[in-house]
Structures are given as structure tokens and as C-alpha cells.
file my_file08.cif (mmCIF, C-alpha atoms)
data_coords
#
loop_
_atom_site.label_atom_id
_atom_site.label_comp_id
_atom_site.auth_asym_id
_atom_site.auth_seq_id
_atom_site.Cartn_x
_atom_site.Cartn_y
_atom_site.Cartn_z
CA MET A 649 48.03 -24.99 -4.92
CA ARG A 650 48.34 -27.32 -1.94
CA PHE A 651 50.27 -24.58 -0.15
CA PHE A 652 47.15 -22.45 -0.26
CA PHE A 653 45.02 -25.16 1.33
CA ARG A 654 47.50 -25.31 4.23
CA SER A 655 47.70 -21.52 4.56
CA ARG A 656 46.18 -19.26 7.23
CA GLN A 657 44.11 -17.53 4.51
CA PHE A 658 42.32 -20.76 3.67
CA LYS A 659 41.65 -21.53 7.34
CA ILE A 660 40.07 -18.08 7.80
CA ILE A 661 37.90 -18.59 4.70
CA VAL A 662 36.74 -22.00 5.97
CA ALA A 663 36.04 -20.57 9.44
CA VAL A 664 33.94 -17.72 8.00
CA PHE A 665 32.16 -20.14 5.66
CA VAL A 666 31.28 -22.49 8.53
CA ALA A 667 30.14 -19.53 10.67
CA VAL A 668 27.81 -18.34 7.89
CA LEU A 669 26.40 -21.85 7.44
CA LEU A 670 25.84 -22.28 11.19
CA LEU A 671 24.23 -18.85 11.56
CA SER A 672 21.92 -19.42 8.58
CA GLY A 673 21.20 -23.02 9.56
CA SER A 674 20.16 -22.02 13.07
CA THR A 675 18.01 -19.21 11.64
CA PHE A 676 16.08 -21.62 9.43
CA LEU A 677 15.94 -24.15 12.26
CA PHE A 678 14.04 -21.62 14.38
CA GLY A 679 11.54 -21.19 11.56
CA MET A 680 12.67 -17.73 10.41
CA LYS A 681 12.61 -17.09 6.68
CA ILE A 682 15.42 -14.54 6.52
CA THR A 683 18.93 -14.71 7.97
CA PRO A 684 20.22 -11.96 10.33
CA GLN A 685 22.85 -10.94 7.77
CA GLY A 686 20.17 -10.81 5.04
CA ASN A 687 17.94 -8.74 7.30
CA LEU A 688 20.76 -6.27 7.94
CA ALA A 689 21.68 -6.07 4.23
CA ALA A 690 18.06 -5.49 3.22
CA THR A 691 17.69 -2.71 5.79
CA ILE A 692 20.90 -0.99 4.64
CA ALA A 693 20.08 -1.28 0.93
CA ALA A 694 16.36 -0.34 1.10
CA PRO A 695 16.66 3.50 1.02
CA PHE A 696 19.18 3.39 -1.84
CA GLN A 697 16.96 1.01 -3.81
CA THR A 698 13.98 3.32 -3.28
CA ALA A 699 15.99 6.24 -4.67
CA ALA A 700 17.24 4.18 -7.63
CA THR A 701 13.70 3.01 -8.43
CA LYS A 702 12.53 6.63 -8.48
CA VAL A 703 15.35 7.50 -10.88
CA LYS A 704 14.38 4.55 -13.07
CA THR A 705 10.71 5.59 -13.08
CA ALA A 706 11.62 9.13 -14.10
CA PHE A 707 14.02 7.84 -16.75
CA SER A 708 11.51 5.41 -18.27
CA GLY A 709 8.95 8.24 -18.36
CA VAL A 710 11.32 10.27 -20.52
CA ILE A 711 11.96 7.24 -22.79
CA HIS A 712 8.21 6.63 -23.22
CA ALA A 713 7.56 10.27 -23.99
CA TYR A 714 10.26 10.18 -26.65
CA LYS A 715 9.04 6.94 -28.25
CA ASP A 716 5.39 7.97 -28.29
CA GLY A 717 5.79 11.32 -29.85
CA ASN A 718 9.13 11.30 -31.58
CA ASP A 719 8.02 13.11 -34.76
CA LEU A 720 5.72 15.52 -33.03
CA MET A 721 8.36 16.34 -30.45
CA VAL A 722 10.77 17.34 -33.18
CA GLU A 723 8.21 19.46 -35.04
CA ASN A 724 6.69 21.03 -31.99
CA ALA A 725 9.63 21.42 -29.64
CA GLU A 726 8.60 24.87 -28.46
CA LEU A 727 5.02 23.79 -27.94
CA GLU A 728 6.13 20.75 -25.98
CA ALA A 729 8.31 22.91 -23.78
CA GLU A 730 5.31 25.11 -23.06
CA ILE A 731 3.17 22.09 -22.24
CA ALA A 732 5.93 20.72 -20.03
CA ARG A 733 6.05 24.03 -18.18
CA LEU A 734 2.29 23.93 -17.65
CA HIS A 735 2.52 20.31 -16.57
CA GLN A 736 5.18 21.26 -14.09
CA GLN A 737 2.84 23.84 -12.58
CA GLN A 738 0.15 21.22 -12.16
CA VAL A 739 2.32 18.43 -10.77
CA ASP A 740 1.21 18.87 -7.17
CA TYR A 741 -2.41 19.08 -8.18
CA GLU A 742 -2.24 15.97 -10.36
CA THR A 743 -0.30 14.04 -7.76
CA ALA A 744 -2.99 14.83 -5.21
CA ILE A 745 -5.72 13.73 -7.64
CA ARG A 746 -3.85 10.49 -8.41
CA GLU A 747 -3.35 9.72 -4.77
CA ASN A 748 -7.02 10.37 -4.13
CA GLU A 749 -7.97 7.98 -6.94
CA PHE A 750 -5.49 5.42 -5.62
CA TYR A 751 -6.95 5.49 -2.14
CA LYS A 752 -10.55 5.77 -3.40
CA ASP A 753 -10.22 2.46 -5.26
CA TYR A 754 -8.92 0.82 -2.11
CA LEU A 755 -11.74 2.42 -0.15
CA GLU A 756 -14.19 0.50 -2.35
CA ILE A 757 -12.36 -2.73 -1.49
CA LYS A 758 -12.35 -1.68 2.14
CA ASP A 759 -16.14 -1.09 1.98
CA ALA A 760 -16.65 -4.57 0.53
CA HIS A 761 -14.33 -6.14 3.11
CA PRO A 762 -14.52 -4.13 6.33
CA ASP A 763 -12.35 -6.70 8.09
CA PHE A 764 -9.32 -5.84 5.90
CA THR A 765 -6.48 -3.74 7.29
CA PHE A 766 -4.20 -2.21 4.64
CA THR A 767 -0.62 -1.01 4.54
CA ALA A 768 0.42 0.94 1.44
CA ALA A 769 3.80 -0.03 -0.03
CA ASN A 770 6.03 0.89 -2.95
CA LEU A 771 7.99 -1.50 -5.11
CA ILE A 772 11.68 -0.83 -4.52
CA SER A 773 13.39 -3.66 -6.33
CA ARG A 774 12.70 -6.49 -8.74
CA ASP A 775 14.56 -9.78 -8.95
CA GLU A 776 15.39 -9.43 -12.63
CA ASN A 777 16.42 -13.08 -12.81
CA ASP A 778 13.10 -14.34 -11.45
CA PRO A 779 10.90 -15.44 -14.39
CA PHE A 780 7.81 -15.12 -12.16
CA GLY A 781 8.38 -11.40 -11.54
CA GLY A 782 8.96 -11.49 -7.76
CA PHE A 783 9.79 -8.13 -6.17
CA LEU A 784 10.72 -6.29 -2.99
CA ILE A 785 8.53 -3.68 -1.23
CA ASN A 786 9.49 -0.96 1.24
CA ARG A 787 7.40 -2.28 4.14
CA GLY A 788 8.54 -4.91 6.64
CA SER A 789 7.80 -6.35 10.03
CA LEU A 790 8.11 -2.88 11.62
CA ASP A 791 5.06 -1.89 9.53
CA ASP A 792 3.05 -4.94 10.66
CA VAL A 793 3.71 -6.81 7.43
CA ALA A 794 3.95 -10.56 8.07
CA LEU A 795 4.63 -13.76 6.19
CA HIS A 796 1.79 -14.86 3.85
CA ASP A 797 0.01 -11.47 3.92
CA PRO A 798 -1.85 -10.95 0.61
CA VAL A 799 -0.62 -8.18 -1.71
CA ILE A 800 -3.11 -6.45 -4.01
CA THR A 801 -3.64 -3.44 -6.23
CA ASP A 802 -6.97 -1.78 -6.87
CA GLU A 803 -7.21 -4.02 -9.96
CA GLY A 804 -6.77 -7.34 -8.18
CA LEU A 805 -4.52 -9.84 -6.46
CA VAL A 806 -0.75 -9.48 -6.97
CA GLY A 807 0.64 -12.24 -4.74
CA TYR A 808 1.66 -12.77 -1.16
CA ILE A 809 4.53 -11.97 1.21
CA SER A 810 7.09 -14.76 1.07
CA GLU A 811 9.89 -13.21 3.17
CA VAL A 812 9.93 -10.35 5.67
CA SER A 813 12.79 -8.29 7.05
CA LEU A 814 12.50 -5.27 9.33
CA LYS A 815 11.96 -2.65 6.62
CA THR A 816 11.39 -4.70 3.44
CA ALA A 817 9.43 -7.74 2.30
CA LYS A 818 9.63 -10.04 -0.71
CA VAL A 819 6.49 -10.63 -2.76
CA THR A 820 5.83 -13.86 -4.66
CA THR A 821 3.42 -13.16 -7.52
CA VAL A 822 0.36 -15.13 -8.65
CA LEU A 823 2.43 -16.23 -11.66
CA SER A 824 4.76 -18.22 -9.40
CA ALA A 825 4.59 -21.97 -8.99
CA ASP A 826 5.30 -21.37 -5.28
CA LEU A 827 1.88 -19.78 -4.69
CA THR A 828 -1.15 -22.11 -4.72
CA PHE A 829 -4.62 -21.09 -3.51
CA GLY A 830 -8.30 -21.93 -3.89
CA ALA A 831 -10.36 -19.92 -6.38
CA LEU A 832 -13.89 -19.69 -7.79
CA ASP A 833 -15.37 -18.84 -11.15
CA ASN A 834 -17.41 -15.80 -10.11
CA ARG A 835 -20.28 -16.63 -12.54
CA THR A 836 -20.67 -20.38 -12.14
CA VAL A 837 -19.16 -20.70 -8.62
CA ASP A 838 -17.05 -23.65 -9.86
CA ALA A 839 -14.14 -24.19 -7.51
CA GLY A 840 -10.57 -24.98 -8.47
CA ILE A 841 -6.97 -24.25 -7.60
CA ILE A 842 -4.75 -21.50 -9.00
CA SER A 843 -1.00 -21.81 -9.38
CA GLY A 844 1.66 -20.56 -11.76
CA THR A 845 3.83 -22.43 -14.20
CA LEU A 846 6.93 -21.28 -16.03
CA GLU A 847 5.41 -21.74 -19.50
CA LEU A 848 2.39 -19.61 -18.60
CA SER A 849 4.30 -16.95 -16.67
CA ASN A 850 6.13 -16.22 -19.91
CA ASN A 851 2.79 -14.94 -21.26
CA GLY A 852 1.67 -13.34 -17.99
CA LEU A 853 -0.85 -16.11 -17.23
CA CYS A 854 -1.50 -18.56 -14.40
CA LYS A 855 -3.33 -21.89 -14.27
CA PHE A 856 -6.84 -22.47 -12.80
CA TYR A 857 -7.05 -26.26 -12.54
CA ASN A 858 -8.85 -29.17 -10.86
CA LEU A 859 -12.15 -27.95 -12.33
CA SER A 860 -14.86 -30.56 -12.71
CA ARG A 861 -15.46 -31.60 -16.34
CA SER A 862 -19.14 -30.81 -15.85
CA SER A 863 -18.33 -27.24 -14.83
CA ASP A 864 -19.50 -24.41 -17.03
CA VAL A 865 -16.47 -22.11 -16.90
CA ALA A 866 -16.08 -19.99 -20.02
CA ILE A 867 -13.67 -17.52 -21.57
CA GLY A 868 -14.16 -14.05 -20.10
CA ASP A 869 -15.38 -15.26 -16.69
CA TYR A 870 -13.90 -13.53 -13.65
CA VAL A 871 -11.98 -15.58 -11.10
CA VAL A 872 -11.92 -14.68 -7.40
CA THR A 873 -10.22 -16.22 -4.38
CA SER A 874 -12.35 -18.76 -2.51
CA GLY A 875 -10.75 -18.30 0.89
CA GLU A 876 -9.06 -21.71 0.85
CA GLY A 877 -5.35 -21.28 1.43
CA VAL A 878 -3.62 -18.28 2.93
CA LEU A 879 -5.68 -15.68 1.03
CA PRO A 880 -9.05 -14.22 2.08
CA ALA A 881 -12.19 -14.90 0.02
CA GLY A 882 -13.42 -12.49 -2.63
CA LEU A 883 -10.19 -11.00 -3.96
CA MET A 884 -10.30 -10.43 -7.72
CA VAL A 885 -7.68 -12.59 -9.44
CA GLY A 886 -8.17 -12.35 -13.19
CA THR A 887 -10.17 -13.28 -16.24
CA ILE A 888 -10.26 -16.65 -18.03
CA GLU A 889 -8.41 -16.55 -21.34
CA SER A 890 -8.80 -20.18 -22.46
CA VAL A 891 -10.26 -23.49 -21.27
CA SER A 892 -8.74 -26.94 -22.01
CA ASN A 893 -8.95 -30.58 -20.95
CA ASP A 894 -6.31 -31.73 -18.49
CA ARG A 895 -4.01 -34.28 -20.12
CA TYR A 896 -3.38 -36.21 -16.92
CA ASN A 897 -6.87 -36.61 -15.38
CA THR A 898 -10.55 -36.11 -16.08
CA SER A 899 -10.68 -32.50 -14.95
CA ILE A 900 -10.41 -29.38 -17.03
CA TYR A 901 -8.27 -26.28 -16.53
CA ALA A 902 -8.29 -22.66 -17.58
CA ASN A 903 -5.55 -20.12 -18.21
CA VAL A 904 -6.15 -16.95 -16.22
CA LYS A 905 -4.85 -13.46 -17.02
CA PRO A 906 -4.40 -11.58 -13.71
CA PHE A 907 -6.23 -8.25 -13.47
CA ALA A 908 -3.20 -6.63 -11.85
CA ASN A 909 -0.62 -5.46 -14.38
CA LEU A 910 2.35 -7.21 -12.76
CA GLY A 911 4.93 -5.74 -15.13
CA GLU A 912 4.04 -2.11 -14.39
CA LEU A 913 3.55 -2.15 -10.63
CA ARG A 914 4.64 0.89 -8.64
CA ASN A 915 2.35 0.94 -5.60
CA VAL A 916 0.64 -1.97 -3.90
CA MET A 917 -1.40 -2.59 -0.76
CA VAL A 918 -0.58 -5.29 1.75
CA ILE A 919 -3.57 -6.73 3.61
CA THR A 920 -2.03 -7.06 7.06
CA ALA A 921 -5.16 -8.35 8.77
CA PHE A 922 -8.45 -9.95 7.73
CA SER A 923 -10.97 -12.19 9.47
CA GLY A 924 -9.93 -15.83 9.36
CA GLN A 925 -6.27 -14.94 8.81
CA GLY A 926 -3.96 -17.68 10.00
CA ASP A 927 -6.79 -20.21 10.50
CA LEU A 928 -5.38 -22.63 7.95
CA LEU A 929 -1.79 -22.17 9.10
CA GLY A 930 -2.87 -22.59 12.71
CA ALA A 931 -4.79 -25.76 11.83
CA ASN A 932 -1.76 -27.14 10.01
CA ASN A 933 0.48 -26.44 12.98
CA GLU A 934 -1.83 -28.26 15.44
CA MET B 189 48.74 -9.77 -6.87
CA ASN B 190 48.81 -6.64 -4.76
CA LYS B 191 50.23 -7.55 -1.37
CA THR B 192 50.70 -4.02 -0.10
CA ARG B 193 48.23 -2.11 2.06
CA TYR B 194 45.03 -1.45 0.14
CA PRO B 195 45.19 2.13 -1.27
CA PHE B 196 42.38 4.28 0.08
CA LEU B 197 41.23 5.68 -3.26
CA GLN B 198 41.16 2.20 -4.78
CA LEU B 199 39.10 0.89 -1.86
CA PHE B 200 36.71 3.85 -2.10
CA LEU B 201 36.24 3.42 -5.85
CA GLN B 202 35.65 -0.33 -5.47
CA ILE B 203 32.95 0.28 -2.83
CA VAL B 204 31.32 2.88 -5.07
CA LEU B 205 31.47 0.55 -8.09
CA PHE B 206 30.00 -2.43 -6.21
CA SER B 207 27.30 -0.27 -4.56
CA VAL B 208 26.26 1.43 -7.79
CA LEU B 209 26.09 -1.85 -9.69
CA PHE B 210 24.19 -3.59 -6.88
CA ILE B 211 21.63 -0.78 -6.52
CA GLY B 212 21.35 -0.45 -10.31
CA TYR B 213 20.91 -4.20 -10.68
CA SER B 214 18.40 -4.64 -7.88
CA SER B 215 16.27 -1.66 -8.92
CA GLY B 216 16.42 -2.63 -12.59
CA LEU B 217 18.08 0.68 -13.47
CA PHE B 218 20.99 -0.93 -15.36
CA VAL B 219 19.22 -4.09 -16.45
CA TYR B 220 17.60 -4.17 -19.86
CA PRO B 221 16.22 -7.64 -20.61
CA ILE B 222 16.45 -8.83 -24.21
CA ARG B 223 13.36 -11.05 -24.46
CA ASN B 224 13.87 -13.38 -21.47
CA ALA B 225 17.64 -12.90 -21.17
CA THR B 226 18.49 -10.86 -18.08
CA PRO B 227 22.11 -10.24 -17.11
CA MET B 228 23.40 -10.95 -13.61
CA LEU B 229 25.68 -7.89 -13.49
CA LEU B 230 27.30 -8.67 -10.14
CA LEU B 231 28.75 -11.90 -11.46
CA PRO B 232 31.24 -10.47 -14.00
CA LEU B 233 32.05 -7.69 -11.52
CA MET B 234 32.84 -10.22 -8.80
CA ILE B 235 34.92 -12.39 -11.14
CA THR B 236 36.93 -9.52 -12.60
CA PHE B 237 37.53 -8.15 -9.09
CA ALA B 238 38.77 -11.54 -7.86
CA MET B 239 41.15 -11.82 -10.83
CA PHE B 240 43.22 -8.96 -9.39
CA GLU B 241 42.96 -9.91 -5.72
CA GLU B 242 44.18 -12.57 -3.33
CA GLU B 243 41.95 -15.42 -2.21
CA LEU B 244 40.97 -14.06 1.21
CA PRO B 245 39.76 -10.59 0.14
CA SER B 246 38.02 -12.13 -2.87
CA ALA B 247 36.16 -14.59 -0.67
CA MET B 248 35.17 -11.87 1.83
CA VAL B 249 33.95 -9.51 -0.91
CA GLY B 250 32.07 -12.49 -2.40
CA LEU B 251 30.47 -13.05 0.99
CA ILE B 252 29.29 -9.42 1.26
CA VAL B 253 28.03 -9.29 -2.34
CA GLY B 254 26.24 -12.61 -1.76
CA VAL B 255 24.53 -11.44 1.44
CA PHE B 256 23.24 -8.29 -0.28
CA THR B 257 22.10 -10.25 -3.34
CA ASP B 258 20.26 -12.78 -1.16
CA SER B 259 18.46 -9.89 0.54
CA VAL B 260 16.78 -8.86 -2.75
CA SER B 261 16.62 -12.17 -4.62
CA SER B 262 13.34 -14.08 -4.76
CA PHE B 263 15.50 -17.19 -4.74
CA GLY B 264 15.96 -17.01 -0.98
CA GLY B 265 18.20 -18.70 1.55
CA ILE B 266 21.95 -18.28 1.38
CA PHE B 267 22.54 -19.47 -2.17
CA HIS B 268 24.21 -16.27 -3.36
CA THR B 269 26.27 -15.92 -0.17
CA VAL B 270 27.78 -19.38 -0.59
CA PHE B 271 28.07 -19.13 -4.37
CA PHE B 272 29.81 -15.74 -4.51
CA MET B 273 32.15 -16.59 -1.63
CA ILE B 274 33.35 -19.83 -3.26
CA LEU B 275 33.44 -18.15 -6.68
CA GLY B 276 35.65 -15.31 -5.41
CA MET B 277 38.12 -17.70 -3.84
CA ALA B 278 38.12 -20.08 -6.81
CA VAL B 279 38.73 -17.33 -9.38
CA SER B 280 41.67 -15.96 -7.39
CA LEU B 281 43.13 -19.44 -7.10
CA PHE B 282 42.75 -20.14 -10.80
CA ILE B 283 44.43 -16.87 -11.74
CA HIS B 284 47.16 -17.47 -9.15
CA TYR B 285 48.04 -20.98 -10.27
CA PHE B 286 46.59 -21.87 -13.68
CA LEU B 287 45.59 -18.90 -15.84
CA ASN B 288 47.12 -15.69 -17.11
CA ASN B 289 45.41 -12.51 -16.07
CA ASN B 290 44.05 -11.28 -19.41
CA ILE B 291 40.75 -10.62 -21.14
CA ARG B 292 40.60 -14.14 -22.60
CA SER B 293 40.83 -15.70 -19.13
CA ALA B 294 38.25 -13.23 -17.86
CA PHE B 295 35.89 -14.17 -20.69
CA VAL B 296 36.28 -17.91 -20.01
CA LEU B 297 35.86 -17.47 -16.25
CA VAL B 298 32.75 -15.31 -16.60
CA LEU B 299 31.23 -17.67 -19.16
CA ILE B 300 31.81 -20.69 -16.90
CA GLY B 301 30.84 -18.77 -13.76
CA SER B 302 27.56 -17.49 -15.15
CA LEU B 303 26.74 -20.85 -16.75
CA LEU B 304 27.29 -22.46 -13.35
CA TYR B 305 25.18 -19.79 -11.64
CA PHE B 306 22.17 -20.16 -13.94
CA LEU B 307 22.47 -23.97 -14.03
CA LEU B 308 22.45 -24.08 -10.21
CA ARG B 309 19.43 -21.76 -10.11
CA TRP B 310 17.73 -24.06 -12.61
CA LEU B 311 18.70 -27.12 -10.59
CA PHE B 312 17.42 -25.75 -7.26
CA CYS B 313 14.34 -23.88 -8.51
CA HIS B 314 13.02 -25.64 -11.57
CA ALA B 315 14.64 -28.97 -12.37
CA PHE B 316 12.72 -30.92 -9.72
CA GLY B 317 10.01 -28.51 -8.60
CA ASP B 318 8.57 -27.68 -12.02
CA THR B 319 7.10 -29.73 -14.84
CA MET B 320 9.43 -31.18 -17.48
CA ILE B 321 8.28 -28.54 -19.98
CA GLY B 322 8.65 -25.79 -17.39
CA SER B 323 12.20 -26.72 -16.47
CA THR B 324 13.20 -27.03 -20.13
CA VAL B 325 11.63 -23.65 -20.88
CA TYR B 326 13.67 -22.07 -18.07
CA LEU B 327 16.86 -23.70 -19.26
CA MET B 328 16.48 -22.81 -22.93
CA GLN B 329 14.68 -19.47 -22.75
CA TYR B 330 16.06 -17.97 -19.53
CA ALA B 331 19.24 -19.66 -18.31
CA ILE B 332 21.32 -20.01 -21.49
CA PRO B 333 20.41 -16.61 -23.04
CA SER B 334 21.03 -14.93 -19.66
CA THR B 335 24.44 -16.64 -19.43
CA LEU B 336 25.46 -15.25 -22.80
CA TYR B 337 24.06 -11.80 -22.01
CA THR B 338 25.91 -11.73 -18.66
CA THR B 339 29.19 -12.71 -20.33
CA VAL B 340 29.06 -9.64 -22.58
CA PHE B 341 29.64 -7.41 -19.52
CA VAL B 342 33.07 -8.91 -18.90
CA PHE B 343 34.64 -6.55 -21.44
CA PRO B 344 33.89 -3.17 -19.81
CA LEU B 345 34.22 -4.56 -16.28
CA TYR B 346 37.56 -6.29 -16.81
CA TYR B 347 39.17 -3.14 -18.19
CA LEU B 348 37.56 -1.04 -15.47
CA GLN B 349 38.99 -3.33 -12.77
CA ARG B 350 42.38 -3.24 -14.43
CA VAL B 351 42.36 0.56 -14.38
CA LEU B 352 41.19 0.61 -10.75
CA HIS B 353 44.00 -1.68 -9.68
CA ARG B 354 46.54 0.74 -11.06
CA PHE B 355 45.45 3.45 -8.61
CA LYS B 356 48.08 3.77 -5.90
CA LEU B 357 46.80 6.85 -4.07
#

call {"tool": "encode", "arguments": {"input": "my_file08.cif", "output": "C-alpha cells"}}
result
Amino acid sequence: MRFFFRSRQFKIIVAVFVAVLLLSGSTFLFGMKITPQGNLAATIAAPFQTAATKVKTAFSGVIHAYKDGNDLMVENAELEAEIARLHQQQVDYETAIRENEFYKDYLEIKDAHPDFTFTAANLISRDENDPFGGFLINRGSLDDVALHDPVITDEGLVGYISEVSLKTAKVTTVLSADLTFGALDNRTVDAGIISGTLELSNNGLCKFYNLSRSSDVAIGDYVVTSGEGVLPAGLMVGTIESVSNDRYNTSIYANVKPFANLGELRNVMVITAFSGQGDLLGANNE
Amino acid sequence: MNKTRYPFLQLFLQIVLFSVLFIGYSSGLFVYPIRNATPMLLLPLMITFAMFEEELPSAMVGLIVGVFTDSVSSFGGIFHTVFFMILGMAVSLFIHYFLNNNIRSAFVLVLIGSLLYFLLRWLFCHAFGDTMIGSTVYLMQYAIPSTLYTTVFVFPLYYLQRVLHRFKL
């Protein structure tokens, strides 16, 4: 084997390896979150991933249809075919209705927060090995998406942008331990902090902690963002599922079920601008 | 080890295979989690590819696969780039000097490779940054089951690579 380590092949491998390390190192040194090679790869792969996600969506639709109505489908094959034909005729109409509903829900959010600027995005890829459910969307810096922009659905907060390339961006979900932000119990106005943990993410929950023991938080209360951290105030986060005493201090904590169905996401909205955006980051940098 | 010029058809089929598996993996099209176990499909593909190749092409293909994986992974940085590049070279070296090129070696290499991959992910993401319970949960409920699930894919991929390396067009 020592012949290999003296060979030209090995020297080339080491040279390429060092070049990659230097390129990536200098990228991170200049404060960028994605390497040039990663940016290029993401841009090349994005259209193919979009197509594959569409195929997957269509495929899972067929699987669901089969599971839900297996017996009926067998007995009523002809009837189903007729219904399918009628459905096919109405696809454009239904799509238009759905899109209207989709945008109408966001319009309500927009009415409540006139300072918000939205960019619609589709999920194009999931990191299947990420237990917190992180994913990739088809909008990047060319679409005004920036690091730390909040990501929502009409139901509530999904997460924030943790990496941006030209045409794609990575989203870290509210279930992740990497995302921490201030939140309020909407009924009692008790303030605390929300973050994810691995144990809770397994059950689709996140942790609302640092709540005063005298606070009156209760199961079923709604939790909204307080505006402390990188997220704007007033975004719906989730509902309290349980309340417990913290083992390590005198505070209490609650487990929160996010309103957004993180496992079934297809379309999301990125809030690319809101009043007060960057204040905290700017203050930290000063 | 094939030291002749790379046959065009073989090269084309390898690019198609890697692209399809990468797109299928990253879009979730080919990935069906069993509870928390999720296979890392590119790992057995990379290892079985490197078993039939020399060190330099294996390392370069590892580099490309790693760059693309880093571009979609929520575990950012250049972890996959470095890991796949070293893995490609190491597998080629092991097959060249220490192991026979057969399904048993492939199984052992994929088992060790995927165990190493998930242990490193655990080490960098959860071992220090998470609570003790959290890191144990990841190790027991995600990392080890995913290692075993990933290893299963060595069987179709090894034989597929073996067939591909017999193309001489």
C-alpha cells in the first residue's frame, strides 16, 4: 500500500482535497453559509428535484386512493373510472379554487401584518436523514430570500431559512434544536422560549420553556411568536399539549404541537421582509 | 481494476444511475422510512462503485456525490464532500490490497461505512449539542436502525455495479 501513498494518484487526491478545504474554509471565513461548489450543485439539481417531487406527489396520491378505498375500488371499478374522468375535467377548475384559497389565507395574514412581504415557494427536497424534518425550497437569493427569513404556511410557523443558494434555500423547522425564539401564550401573555429537542421532534412537538412557575399556561392555549429573536411578533406557532415542571430549575415548560403540518408540506410562504427585520442581528453585530 | 479508457456506455449508465439515485433520494421518491430508520442510498452506491474502480476516480466521484449531497442536506458544511471523497479512496484501497471483490466484502464495507457515517453525524450534530437523552435517542432510534436499513441496499447495488462494469461498449 505504501506504493500508493507515493504515487501520482495520491498526490492528485491530496491536492484536490486541500483545494476543497481551502475553498470551503475561505467561504465560511467570509461569513457565507454555502460553499461555491454547493451553490452550483444546488442550482443544477433544483429543477430535477422539483420534477421528482411532483412525481412523488402524484405517486403518493395514487397509493392513498388505493389504501382508502381498496374494497370499493374493486367493486365499483367502472364507477370510479367515471368519477376519475369527471375529476379530470374539473382539474383546472379545482386547481384554481385551491390556489385562490391558498392565497386568500395568506391575504388574511397580510391584512393582519401589512409590513410582511411574501414569496411563495414549493418544497423540492427533504433531508430524509434529518430527524427534525429540514427541507429544501425552490426559492433562493435571486428571489430575495435571505438567511433567517421566517417560513410559514397559512396554518402557522414552519421554521426559518438556514442556508441560501441562488435558486434554493434550506429550511430549519420549529422542531429543530437549532432554532430558538421568544414566544407568548396568547391567552395569558406569559413569555417563554421555544426550541426543539430530539425526543419531542419524534412526536412532532417542540418545547416552550423558561415559563414562570406562577404563570397560568394551560393545555389548549395558543402560542405565538413574541418578536424576540429573528422572527416577527404575532406568528401562530402551535397549541399547548402538556405542561410540566422543569427538572433543572424553578420554571415550568410546555410541549407545543405546531399548527403547521410539517410532514405534509407542499407549499410554503417565505416572509422576505417585515418591520424590525434584522434589528436583533444588527444589534449583535455592533 | 479496469485500467483501460472508460467505455462510453458504462460512463453514461453510471451518470444516469448516480443522478437517478441522488434525485430519488433527495426528493424522497425512493426513500421509504421504516419508523425512524431512513436509508442513505448514496452510501452503498458509492461503496460498490469504488469497489470496481481505482483510487483516483473513486475519490473524484466521491467528491462530486459529496458536493451534491451537501447541497441538499440540512447537516451543512462540507461533511459529505470530505466523507465521500475519503470513503471512495479508502474502499478502492481496501479492495486493491486487503479484500476480495465479492458480495461479502461489499456487505462488510457498507455496514462499516454506513455505521461510520451515522456515528459521525451523531457525533457532530447530537453528541455534544443535544441533551444526553436526545443524543441517545438519535443513536438508538435513528442512527443504528438507519445503518442496518442502508446496508440492505448493498445487494441490488453490488450486482448492478458488477453488471455495469462488464459493459465494454

call {"tool": "interface_residues", "arguments": {"input": "my_file08.cif", "of": "chain B", "to": "chain A", "cutoff": "6 Å", "atoms": "all atoms listed in the file", "output": "ChimeraX atom specification"}}
result
/B:211,214-215,217,244,255-256,259,261-262,322

call {"tool": "resolve_selection", "arguments": {"input": "my_file08.cif", "expression": "the PyMOL selection byres ((chain B and resi 276) around 12)", "output": "PyMOL selection string"}}
result
(chain A and resi 661) or (chain B and resi 230-254+268-275+277-283+297-298+301)

call {"tool": "resolve_selection", "arguments": {"input": "my_file08.cif", "expression": "the PyMOL selection byres ((chain B and resi 306) around 9)", "output": "ChimeraX atom specification"}}
result
/B:301-305,307-311,327,330-332,334-335

call {"tool": "closest_residue", "arguments": {"input": "my_file08.cif", "among": "A:Asn915, A:Ser824, A:Leu670, A:Ala881", "to": "Glu803 (chain A)", "atoms": "only C-alpha atoms"}}
result
A:Asn915

call {"tool": "closest_residue", "arguments": {"input": "my_file08.cif", "among": "B:Asn288, B:Ser293, B:Phe206, B:Ile300", "to": "Thr338 (chain B)", "atoms": "only C-alpha atoms"}}
result
B:Ile300
